[in-house]
Every structure is written in C-alpha cells, then in structure tokens.
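**Student:** Input: one structure, supplied below.
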Amino acid sequence: MSTIPAMFERTTRYLELPLNTRSRVLLFIAALLLGTTFLFPLWNMTMFAPQYPNGLRLDIYGFKFVGGNNGQDAKEINLLNHYIGMRELTAENFTEFKWIPFVIGAMALLCLRAAFIGKNSYLVDVTVLYGYFAVFSLWSFGHKLYTYGHELSPTAAVKVQPFMPPMFGYQKIANFEIYSYPAAASYAMAAAMLILLVALGWNIREVRRLSLTELRDLT
Amino acid sequence: MNHRKNVLIAAALLVSIAVIGIVAGRCAPSAPKGRRGGVGVSDLAVASQAVYVPPGDLDTYYLFASGGHSGQIYIYGIPSMRHLGTIPVFTPYPATGYGFDDDSKAMLGNMSWGDVHHPALSETNGDYDGRWLFVNEMGGRIARIDLRDFKVKQIFGPMANVSGNHASAFVTPNSDYVFGASRFSIPVAKGTVAPIEQYATVYKGIISAVKIDKATGTMSQGFQILMPPFDFDLADAGKQASDGWVFFSSYNTERATGKLETTASQRDRDYIAAVNWKAAEAALAKGAGDVIGGVKVLDPKKVPGIVYLMPCGKSPHGVDVSPDGKYIIGSGKLQGVTTAFNFEKLQTAINAKNFTGDEDGIPVVKYEAIKDAEVPVGLGPLHTQFGPDGYAYTSLFVDSAIAKWKLGTWQVVDKIPMSYSIGHLTAAEGDTVSPDGKYLVGLNKLSHGRHLSVGPSQPESSQLVDISEEKMKLLMDAFTEPEPHYAQIIKADKIKPIEVYPKEENKHPLAIWDVKDAGITRQGGKALVKVVLVRSTITPTVIEVNQGETVTIALTNIEQTTDELHGFGLLDYNFNIVVDPGETKTVTFVASKPGVFPYYCTNFCSALHQEMQGYLIVKPKA
C-alpha cells in the first residue's frame with residue numbers, strides 16, 4: 001500500500017500472526033546449529049616455525065582453549081609469548097568464556113521459543129538479536145587480539161613492535177608463520193545466521209504479498 | 001807384485017760385495033706384491049647410495065655398541081653409521097648429568113668405571129623385543145637399560161663368587177636369565193686365600209645365572225654352577241631346537257698358571273661347556289645346591305646332568321648358535337677352522353654316554369660323535385653371526401677378514417678384508433631366530449691409517465658391510481670411541497622411546513610443578529630446597545643456607561616439550577645435574593664452604609639461557 005501508516009499497520013498485523021511451518025522448521029534447525037557450538041571449536045590458529053615443523057595448534061571454543069599435542073601446544077605458546085611480554089592465554093583472562101556460552105544458549109532458547117510458540121515478531125527479534133550478537137562477538141574477538149598484541153609488558157625481555165595477530169588469514173610475526181581461520185562451530189553459526197535471514201526474507205515477501213484487508217481478516 | 005795383487009783382489013771383493021748388496025737391496029720387496037693385501041675398498045656408486053641418509057631422514061636400524069673400558073654404550077644409526085648418542089652405564093657422564101645426582105651416584109656405588117664387554121638385547125621367542133639392553137662389566141656387574149627412555153634402571157652386582165665377568169651378558173630366548181661367567185678362577189667365596197700352586201684343584205670357575213623378572217626386567221641372583229678353573233670366554237643361549245641350553249666357550253683347560261700365553265695354549269682342544277639351565281633350574285627347585293658367598297651354587301659332581309663338555313680346538317673364543325638352534329659354532333682362535341657341532345648329535349651322545357673322560361666329574365663328550373664339520377674359514381676365527389638364508393659369517397682376527405659360509409654344505413663362498421684385525425662382528429638381528437641379513441658391522445681392533453691421524457690414542461674401526469647378496473660389499477668405514485667389543489643391531493621400529501617424561505608419570509615425592517611451590521624448608525638440621533626449572537628461570541633465584549648444613553636440592557624440569565633439557569651446574573661445589581623434561585632429580589651435599597656461589601643452567605635451553613641463573617649463599621658459622 002502506498003501510505004506509511006498503512007505500511008506500519010500491515011507490518012504490525014503481520015507480526016501478530018503465528019509463524020508458518022516453514023519458519024518454525026528453519027528456526028529449529030538454527031537452534032540445533034547453535035547447539036553444535038558447544039561441541040566444536042569456533043576458531044583455529046596454527047603457527048609454524050623452523051623449530052616447530054609440525055606446527056603449534058590452538059583451538060578456541062566458546063568456553064575454553066584446547067592446545068594441540070594433548071594440550072601441550074597451548075602451554076608452549078604461553079611459554080614463548082612470555083618472552084615478548086604477551087599476556088597468558090588462560091581462562092582467567094577470558095571473560096568471553098563466560099558470556100559467549102551464555103548468550104549462545106539464550107539465542108538457542110529464543111529460537112526454540114519462536115519455533116514452538118512463536119509469532120512472526122519472534123523471528124524478527126531472534127534474527128536481529130542474533131545478528132547483533134554475531135557482529136559484537138567478531139568485534140570482541142578482534143579487540144581481544146588487538147589488546148593482546150598491543151598491551152605487552154614493558155619489562156619483557158624481547159621488545160617487539162605492538163602488533164595485531166591475524167584474525168583471518170596468514171601473517172608472519174618474527175620467526176612464526178600464523179594461520180588463523182574459523183573452525184566448524186563458526187561455520188555452524190554462520191549457517192544459523194543465514195537460515196534466520198532466509199526465513200525472515202521469506203516472511204517479508206509474504207507480508208508484501210498480502211493486502212491490508214486480508215491481514216485485517218486474519219488477525 | 002804380491003802386494004798389488006792383494007790390493008786388486010781386496011778391491012774386487014769389496015766391489016762385488018757392493019754390487020751384490022745393491023742388487024739384493026733392489027730386489028727385496030718393500031711392499032707386498034700384487035693387490036694391496038688386507039685392505040678393503042668399496043665401489044663408490046653402490047656404497048655412497050647405500051649409506052647416505054638424506055638430511056631429515058632417519059636410519060633404519062639402531063646399533064648398540066659396547067663401549068669397552070669406557071664403561072658406556074654407544075648408539076649408532078645404520079646405514080649412516082652416525083653416532084647418535086652415548087648411554088653412560090658404569091662411568092659418570094656430566095654431559096647428561098649421570099653419576100652426579102643422588103640416584104645415579106647410588107647406582108654406581110663407589111666405583112667410577114667399568115669394563116663393558118657384551119651388550120645383549122632382551123628377547124621374546126628368540127626375537128629382539130626392544131624392551132631392555134643388558135650390559136656386563138668385568139667387575140661382576142650387569143646393568144639393565146630401559147629402551148623406553150634409554151636410561152640405566154638397575155645395576156646388579158658385583159655378583160658373588162665371579163671374578164672377571166667376561167662371558168656376559170647373554171640372554172635366553174625368552175629373557176628368563178641373563179648369564180655371566182668368570183674369566184679368572186679364584187678360590188670361592190671371594191676373600192678365601194689359597195696358594196697359586198693349588199690352582200688346578202682349589203681355584204674355581206663360576207657360571208652365573210641371573211634371573212630376570214619378565215614384567216619389570218628386575219634382575220636377581222638366580223643360581224650359579226661350580227666349574228673347574230677354566231677361563232670362560234663367551235656364551236650363547238640355545239634357541240628353538242636347543243632352547244633350554246646355554247653354551248660357554250672356555251680356554252686354559254690346561255689349568256695352567258704363570259706365562260699363560262704359552263702354558264694355556266698347550267692342549268689341542270679346550271671345551272665348550274654345554275649347560276642345561278632348565279635342568280639346573282629344576283634341580284634347584286628340588287633343593288639342590290650349596291650356599292657359597294650367599295648364592296645357591298650347584299656342583300655338577302653332586303648334581304649330574306646339568307653340564308657337559310664339548311671338546312673344541314684350539315682355545316675357543318666365540319661360541320654361536322645358529323638361528324634354528326641346530327648348530328653350535330665354536331671357533332678356536334689359534335687354528336684355521338671353525339667347528340660346527342650338531343645339537344641333536346650332542347643329545348644322542350649324552351644319552352648314549354658317549355664320553356671320553358671327565359673333568360672334576362663333568363663328562364667330556366666324544367668330539368667325533370658331535371661335530372658335523374670343520375669349516376676352513378681362515379686364520380684366527382673368532383665369532384660367527386648369521387644371515388636369514390643359512391649363511392654364516394665368521395670373523396678372522398689373524399687373516400683380518402670375514403669369511404662367509406653356508407650351514408649344512410660347509411662351503412666358504414666369500415671373504416672380505418677388514419681393516420684391521422677384526423674382533424667381533426654383528427649382523428642385523430644376527431643372533432636371533434630370524435636374522436635380517438642386509439647389514440653386518442665388523443668391529444675391528446686397529447684403525448691406523450684409515451682416518452686422519454689423531455695422535456697415539458687411536459679410535460676403533462667399525463666397517464659396514466652389505467651382505468644382501470652372495471658377494472659381500474664393503475660400504476663404509478666408521479670410527480668409534482674406544483672400544484666396542486661387541487654390538488647389537490635391531491630394527492628401528494622395534495624401539496619406541498619417549499622423549500618427555502609425562503607429568504602424570506612423575507611420582508617423585510619431591511617433584512613440584514608450579515613456581516609457587518619452590519623454596520627452602522628445614523627439618524632436623526637438614527635443608528631441603530625445591531627448585532623449578534623452566535624457560536628461562538631457575539626458581540628460586542637465591543638459596544640461603546648455613547655453613548655445615550646438609551642440603552638436598554630437588555630439581556624438577558616442568559617442561560613437557562621434547563628436547564627442552566635444563567642443567568643445574570653449581571661451580572665451586574663440583575656438580576652438574578641435567579634434568580630431562582618432566583623429570584625430577586636430587587643432589588645432596590654439605591655446604592662446607594662459606595661464600596656466594598652461582599648456579600646456572602648448563603644445558604642450552606632457550607634464547608635467554610644465559611639469564612637462567614641464581615646464587616647459593618652459604619652463611620658462615622657464627
């Protein structure tokens with residue numbers, strides 16, 4: 001419809017309608033995908049050097065670090081980092097490990113809520129909140145890398161220029177070649193985002209299709 | 001006139017003498033004619049390919065060589081023949097801290113060296129199982145090296161009653177026993193004195209059976225056998241057909257004293273003692289044996305059926321059992337043949353009591369009834385190793401060569417010169433039931449001229465030979481520290497060593513894993529310091545003790561990364577401890593000197609290795 005008040009009324013009335021089955025299924029799948037983030041790492045960083053031809057692996061989950069080689073790599077990375085004054089990678093320094101799992105859980109619950117008892121507005125809520133969370137987490141990850149690479153202890157034995165460890169891709173720092181890429185859980189989260197957007201997209205097309213009178217009848 | 005004639009005759013004589021002298025001098029050979037005798041040469045193309053292990057690649061076999069009177073074991077890789085490491089056994093070795101920390105010092109006792117002769121890998125079903133390496137030394141000790149971490153875990157002995165433990169270490173096919181026997185006969189128990197004139201009757205030789213615990217490898221004294229005063233030289237355990245028996249070569253069965261090089265070489269034949277250790281074990285279980293020097297000793301006169309003597313010429317050195325256990329090869333070092341005895345014929349002769357006499361009640365079996373052949377290998381045969389296809393390889397000390405011959409046909413098929421004077425030889429898995437063939441190493445006694453001169457003290461020569469084809473090929477000259485008597489070659493994949501002691505395995509009561517726990521405590525006049533070693537700090541960085549205090553320093557290397565060793569050298573107090581990743585070691589000393597003494601990491605560990613140090617402050621007595 002042409003007028004703005006009409007547009008708002010159509011939107012408001014549409015949002016009051018219960019979700020169709022297609023949206024519910026997609027929301028359920030999104031919830032499952034979010035659940036997998038508790039089982040797989042979100043990000044992986046692998047570093048190679050002449051002295052470490054097999055590489056040092058670090059898997060970052062939403063709630064913990066796991067070093068390769070039975071956890072020994074994480075200890076080795078911390079040992080090497082202390083020479084340049086970098087903070088230790090320990091759970092105490094990562095409050096993210098508290099709120100990330102909490103928020104992901106909450107998101108999953110919201111998806112399930114929408115899937116089972118939801119109105120169209122729930123899908124909008126979940127998609128927007130989730131999008132905000134995703135952007136915020138990426139920013140937070142980048143910020144963490146930045147502070148770790150810039151807040152180096154002034155009493156460090158080896159002085160290096162403050163640096164930004166790689167968030168995505170390859171970077172060479174001193175004698176280390178670092179590869180940083182998203183891991184399984186990040187792909188699952190991206191897939192969940194995509195599914196929610198697709199579901200929302202379909203709903204927007206539907207609200208455009210329906211006329212104001214049809215909507216008045218339905219609500 | 002006469003005068004002139006005399007002068008002419010004298011001149012002619014002088015000239016003819018000069019001419020004869022010159023001609024004779026020119027004709028006398030200054031060097032052996034023909035091929036440069038006694039020297040091995042290799043085919044460059046073939047040999048260089050065979051021994052080159054490209055950077056980053058690994059060898060395919062381990063060679064564990066005895067270190068002789070260095071008291072150590074040398075590890076080499078085959079085919080590159082690179083020296084990979086040294087395992088200190090009976091001698092302190094500051095490079096790895098052996099003999100300086102409390103535990104290894106206690107293991108060495110008050111002895112600072114040992115004369116290592118023959119290493120023996122543990123066996124299961126007659127094959128190397130890669131678990132342990134047993135090493136003897138002449139003072140009567142046998143050490144067990146654990147091949148999981150290549151460290152000495154136990155030194156057994158000195159054994160009672162045995163003087164000069166030469167015929168050692170030799171294991172039975174399932175590692176039930178490791179054997180030793182005396183080279184020097186003495187009155188037993190040790191400490192008994194008898195005049196040398198009573199050598200033939202009162203002095204005794206001893207064969208010693210040391211029991212091995214199958215699960216842990218721990219050695220304990222099983223039993224011994226009282227023998228006539230023969231000098232026992234080498235041994236080999238029977239396997240397959242001859243499982244349950246062990247054979248010892250001996251010389252000086254003349255029971256001579258004095259100038260042994262003459263008096264002990266008079267008889268044409270000495271003996272190989274065939275010992276039925278299973279029967280001896282059974283007799284022991286039934287209560288046989290007298291206690292001498294704290295050990296149950298079986299006297300063959302009282303316990304018949306456990307020892308028989310096989311005549312073997314002349315002054316037999318090596319005795320080696322073929323892979324199927326059917327033949328016992330005895331080599332008399334003072335003759336030109338190697339004798340192949342048939343085990344089945346030995347059993348027949350024993351059952352038929354086909355004896356020619358006895359020595360102190362031990363039956364001497366008739367030589368002709370038990371020998372299958374005298375193989376004309378060459379001069380001065382010593383030891384025999386085996387290949388997979390019925391081939392035998394005998395070292396020839398006098399000929400300075402190795403002879404290759406076939407069991408059964410007794411034909412010599414090839415000979416290869418060794419430079420120089422080969423003693424033992426070792427083939428890949430060559431004394432097991434399934435030798436690999438492929439490689440053989442000749443352990444030579446003389447190396448002069450084959451390497452850059454290093455002065456009067458010469459290294460030993462080990463020559464790698466390819467035995468995969470009928471004709472043997474010399475591949476490489478390698479040089480070792482003094483001085484491998486014998487060696488063992490085992491496939492590399494049978495050994496799976498750890499390179500880090502996992503934290504969970506460290507049950508040392510004084511181990512600590514956090515710098516917070518480092519520090520000093522005192523109890524009853526003794527100071528205990530717990531130290532953490534990790535890149536790149538020694539914590540604590542200051543240790544304060546009082547003069548005269550007994551101090552124990554417990555060092556834990558909390559690294560869990562391979563190759564991250566740390567050392568702890570305390571100058572002025574003369575010790576150097578090296579701690580492997582995950583290991584805890586202690587050192588105890590009396591702080592007798594007052595002053596400020598630095599301690600520092602001696603084993604290179606990191607970029608800041610030089611900063612890894614601290615001070616021991618010993619406060620003077622008031």
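Please note that chains go A, B, ... in the order of the structure tokens, that every chain numbers its residues from 1, and that ligands are numbered from 1 in the order shown.
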Identify every residue of chain B that has at least one atom within 12 Å of any atom of chain A, counting only C-alpha atoms, and report the result as a PyMOL selection string.
**Tutor:** chain B and resi 56+500+502-503+534-537+558-564+606-609+611
**Student:** Restricting it to N, CA and C atoms, dump the selection as a compact mmCIF listing (two decimals), in the first residue's frame.
**Tutor:**
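Written out: result_15.txt:
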# COMPACT_ATOMS: atom_id res chain seq x y z
N GLY B 56 67.17 -34.96 7.40
CA GLY B 56 65.76 -35.05 7.76
C GLY B 56 65.24 -36.48 7.75
N VAL B 500 59.72 -37.24 26.42
CA VAL B 500 59.33 -36.35 27.51
C VAL B 500 58.78 -37.28 28.59
N PRO B 502 56.05 -37.80 30.93
CA PRO B 502 54.76 -37.15 31.17
C PRO B 502 54.59 -36.81 32.64
N LYS B 503 53.97 -35.68 32.89
CA LYS B 503 53.80 -35.20 34.26
C LYS B 503 53.14 -36.26 35.15
N VAL B 534 62.42 -24.08 34.26
CA VAL B 534 61.58 -23.89 33.08
C VAL B 534 62.12 -22.66 32.35
N ARG B 535 61.92 -22.61 31.04
CA ARG B 535 62.45 -21.47 30.29
C ARG B 535 61.93 -20.17 30.87
N SER B 536 62.77 -19.20 31.11
CA SER B 536 64.24 -19.34 31.24
C SER B 536 64.65 -18.89 32.63
N THR B 537 64.11 -19.53 33.65
CA THR B 537 64.41 -19.13 35.03
C THR B 537 64.60 -20.37 35.90
N ILE B 558 59.88 -28.68 34.61
CA ILE B 558 58.43 -28.80 34.40
C ILE B 558 58.03 -28.68 32.93
N GLU B 559 59.03 -28.62 32.05
CA GLU B 559 58.69 -28.60 30.62
C GLU B 559 58.05 -29.91 30.22
N GLN B 560 57.20 -29.88 29.18
CA GLN B 560 56.65 -31.11 28.63
C GLN B 560 56.88 -31.14 27.12
N THR B 561 57.87 -30.36 26.69
CA THR B 561 58.21 -30.30 25.27
C THR B 561 59.49 -31.07 25.03
N THR B 562 59.58 -31.78 23.91
CA THR B 562 60.76 -32.57 23.64
C THR B 562 61.99 -31.68 23.46
N ASP B 563 63.14 -32.19 23.88
CA ASP B 563 64.43 -31.51 23.71
C ASP B 563 64.60 -30.28 24.59
N GLU B 564 63.72 -30.08 25.55
CA GLU B 564 63.88 -28.94 26.45
C GLU B 564 64.51 -29.39 27.76
N SER B 606 67.21 -22.14 25.62
CA SER B 606 66.35 -21.10 25.07
C SER B 606 67.19 -19.88 24.74
N ALA B 607 66.55 -18.89 24.11
CA ALA B 607 67.26 -17.66 23.76
C ALA B 607 67.82 -16.97 24.99
N LEU B 608 67.18 -17.15 26.13
CA LEU B 608 67.62 -16.49 27.36
C LEU B 608 68.27 -17.49 28.31
N HIS B 609 68.94 -18.47 27.75
CA HIS B 609 69.64 -19.50 28.52
C HIS B 609 70.69 -18.86 29.43
N GLU B 611 70.57 -16.13 30.91
CA GLU B 611 69.96 -15.42 32.02
C GLU B 611 69.41 -16.38 33.08
**Student:** Please list as a ChimeraX atom specification every residue within 12 Å of stretch 517-523 of chain B, counting only C-alpha atoms and excluding residues in the same chain fewer than 3 positions away.
**Tutor:** /B:510-514,526-533,537-546,549-556,558,616
**Student:** Go through stretch 91-162 of chain A and collect every residue that DSSP, computed from the backbone, puts in helix (DSSP H, G or I); the answer should be as JSON, numbers by chain.
**Tutor:** {"A": [91, 92, 93, 96, 97, 98, 99, 100, 101, 102, 103, 104, 105, 106, 107, 108, 109, 110, 111, 112, 113, 114, 115, 116, 117, 120, 121, 122, 123, 124, 125, 126, 127, 128, 129, 130, 131, 132, 133, 134, 135, 136, 137, 138, 139, 140, 141, 142, 143, 144, 145, 146, 147, 148, 149, 150]}
**Student:** Considering only C-alpha atoms, return as a PDB file with C-alpha atoms, in the first residue's frame whatever protein or nucleic-acid residues lie within 10 Å of stretch 207-210 of chain B, sequence-local ones (same chain, fewer than 3 positions apart) excluded.
**Tutor:**
ATOM      1  CA  GLY B 140      80.878 -58.635  38.070  1.00  0.00           C
ATOM      2  CA  ILE B 142      75.224 -56.360  34.916  1.00  0.00           C
ATOM      3  CA  PHE B 156      73.020 -55.722  39.567  1.00  0.00           C
ATOM      4  CA  GLY B 157      76.089 -56.926  41.442  1.00  0.00           C
ATOM      5  CA  MET B 159      77.985 -60.841  41.713  1.00  0.00           C
ATOM      6  CA  ALA B 160      79.311 -63.085  44.420  1.00  0.00           C
ATOM      7  CA  ASN B 161      81.991 -65.635  43.543  1.00  0.00           C
ATOM      8  CA  VAL B 162      82.548 -64.463  39.947  1.00  0.00           C
ATOM      9  CA  ASN B 165      82.648 -61.453  34.469  1.00  0.00           C
ATOM     10  CA  ALA B 167      81.242 -64.421  29.360  1.00  0.00           C
ATOM     11  CA  SER B 168      78.401 -61.975  29.822  1.00  0.00           C
ATOM     12  CA  ALA B 169      75.776 -60.594  29.111  1.00  0.00           C
ATOM     13  CA  PHE B 170      73.900 -63.296  27.238  1.00  0.00           C
ATOM     14  CA  VAL B 171      70.133 -63.730  27.464  1.00  0.00           C
ATOM     15  CA  ASP B 176      64.380 -65.815  31.633  1.00  0.00           C
ATOM     16  CA  TYR B 177      68.016 -65.435  32.540  1.00  0.00           C
ATOM     17  CA  VAL B 178      70.997 -63.298  31.678  1.00  0.00           C
ATOM     18  CA  PHE B 179      74.235 -65.220  32.056  1.00  0.00           C
ATOM     19  CA  GLY B 180      77.728 -64.381  33.218  1.00  0.00           C
ATOM     20  CA  ALA B 181      80.814 -66.493  33.843  1.00  0.00           C
ATOM     21  CA  SER B 182      84.271 -65.973  35.249  1.00  0.00           C
ATOM     22  CA  ARG B 183      87.339 -65.304  33.195  1.00  0.00           C
ATOM     23  CA  ASP B 213      61.623 -60.585  36.122  1.00  0.00           C
ATOM     24  CA  THR B 218      64.481 -56.527  37.511  1.00  0.00           C
ATOM     25  CA  MET B 219      67.494 -58.776  37.930  1.00  0.00           C
ATOM     26  CA  SER B 220      68.118 -61.009  40.934  1.00  0.00           C
ATOM     27  CA  GLN B 221      70.689 -63.720  41.560  1.00  0.00           C
ATOM     28  CA  GLY B 222      69.204 -66.993  40.402  1.00  0.00           C
ATOM     29  CA  PHE B 223      71.838 -69.670  40.822  1.00  0.00           C
ATOM     30  CA  GLN B 224      75.448 -70.482  39.970  1.00  0.00           C
ATOM     31  CA  ILE B 225      77.309 -73.555  38.774  1.00  0.00           C
ATOM     32  CA  LEU B 226      80.707 -74.531  40.159  1.00  0.00           C
ATOM     33  CA  MET B 227      83.139 -75.245  37.347  1.00  0.00           C
ATOM     34  CA  PHE B 232      85.268 -68.675  30.385  1.00  0.00           C
ATOM     35  CA  PHE B 248      80.126 -71.319  27.120  1.00  0.00           C
ATOM     36  CA  ALA B 273      80.571 -76.156  28.272  1.00  0.00           C
ATOM     37  CA  VAL B 275      74.792 -76.166  30.310  1.00  0.00           C
ATOM     38  CA  TRP B 277      69.840 -74.455  32.501  1.00  0.00           C
ATOM     39  CA  ALA B 280      69.666 -76.829  36.641  1.00  0.00           C
ATOM     40  CA  GLU B 281      66.563 -74.774  37.466  1.00  0.00           C
ATOM     41  CA  VAL B 295      74.318 -67.732  46.469  1.00  0.00           C
ATOM     42  CA  VAL B 297      75.751 -72.935  43.785  1.00  0.00           C
ATOM     43  CA  LEU B 298      75.216 -76.265  42.018  1.00  0.00           C
TER      44      LEU B 298
END
**Student:** Could you give me, as a list in words, the residues within 12 Å of A:Leu218, counting only C-alpha atoms and dropping anything in the same chain fewer than 5 positions from it?
**Tutor:**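 Once the nearby chain positions are removed, what remains is Arg10, Arg13, Tyr14, Leu15, Glu16, Leu17, Pro18, Leu210, Ser211, Leu212 and Thr213 of chain A.
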**Student:** Print the selection's residues with N, CA, C and O atoms to a file, as a PDB file, in the first residue's frame.
**Tutor:**
ATOM      1  N   ARG A  10       0.081  -2.775   8.304  1.00  0.00           N
ATOM      2  CA  ARG A  10       0.253  -4.101   7.699  1.00  0.00           C
ATOM      3  C   ARG A  10       1.355  -4.869   8.431  1.00  0.00           C
ATOM      4  O   ARG A  10       1.231  -6.046   8.747  1.00  0.00           O
ATOM      5  N   ARG A  13       0.170  -5.904  11.922  1.00  0.00           N
ATOM      6  CA  ARG A  13      -0.778  -7.015  11.893  1.00  0.00           C
ATOM      7  C   ARG A  13      -0.069  -8.322  11.514  1.00  0.00           C
ATOM      8  O   ARG A  13      -0.350  -9.370  12.078  1.00  0.00           O
ATOM      9  N   TYR A  14       0.879  -8.231  10.579  1.00  0.00           N
ATOM     10  CA  TYR A  14       1.593  -9.450  10.141  1.00  0.00           C
ATOM     11  C   TYR A  14       2.397 -10.046  11.282  1.00  0.00           C
ATOM     12  O   TYR A  14       2.426 -11.258  11.489  1.00  0.00           O
ATOM     13  N   LEU A  15       2.999  -9.128  12.010  1.00  0.00           N
ATOM     14  CA  LEU A  15       3.841  -9.605  13.110  1.00  0.00           C
ATOM     15  C   LEU A  15       3.033 -10.341  14.188  1.00  0.00           C
ATOM     16  O   LEU A  15       3.566 -11.164  14.911  1.00  0.00           O
ATOM     17  N   GLU A  16       1.743 -10.016  14.279  1.00  0.00           N
ATOM     18  CA  GLU A  16       0.915 -10.676  15.279  1.00  0.00           C
ATOM     19  C   GLU A  16       0.519 -12.085  14.889  1.00  0.00           C
ATOM     20  O   GLU A  16       0.082 -12.877  15.733  1.00  0.00           O
ATOM     21  N   LEU A  17       0.701 -12.394  13.578  1.00  0.00           N
ATOM     22  CA  LEU A  17       0.277 -13.721  13.116  1.00  0.00           C
ATOM     23  C   LEU A  17       1.265 -14.781  13.581  1.00  0.00           C
ATOM     24  O   LEU A  17       2.461 -14.528  13.690  1.00  0.00           O
ATOM     25  N   PRO A  18       0.752 -15.997  13.813  1.00  0.00           N
ATOM     26  CA  PRO A  18       1.700 -17.064  14.200  1.00  0.00           C
ATOM     27  C   PRO A  18       2.606 -17.431  13.023  1.00  0.00           C
ATOM     28  O   PRO A  18       2.242 -17.267  11.874  1.00  0.00           O
ATOM     29  N   LEU A 210       0.496  -9.989   0.924  1.00  0.00           N
ATOM     30  CA  LEU A 210      -0.848  -9.871   1.491  1.00  0.00           C
ATOM     31  C   LEU A 210      -1.334  -8.422   1.490  1.00  0.00           C
ATOM     32  O   LEU A 210      -0.556  -7.506   1.713  1.00  0.00           O
ATOM     33  N   SER A 211      -2.617  -8.260   1.271  1.00  0.00           N
ATOM     34  CA  SER A 211      -3.203  -6.889   1.291  1.00  0.00           C
ATOM     35  C   SER A 211      -3.663  -6.546   2.696  1.00  0.00           C
ATOM     36  O   SER A 211      -3.775  -7.431   3.550  1.00  0.00           O
ATOM     37  N   LEU A 212      -3.943  -5.281   2.946  1.00  0.00           N
ATOM     38  CA  LEU A 212      -4.338  -4.822   4.277  1.00  0.00           C
ATOM     39  C   LEU A 212      -5.651  -5.469   4.719  1.00  0.00           C
ATOM     40  O   LEU A 212      -5.782  -5.886   5.874  1.00  0.00           O
ATOM     41  N   THR A 213      -6.571  -5.594   3.779  1.00  0.00           N
ATOM     42  CA  THR A 213      -7.842  -6.216   4.132  1.00  0.00           C
ATOM     43  C   THR A 213      -7.663  -7.678   4.527  1.00  0.00           C
ATOM     44  O   THR A 213      -8.231  -8.141   5.521  1.00  0.00           O
TER      45      THR A 213
END
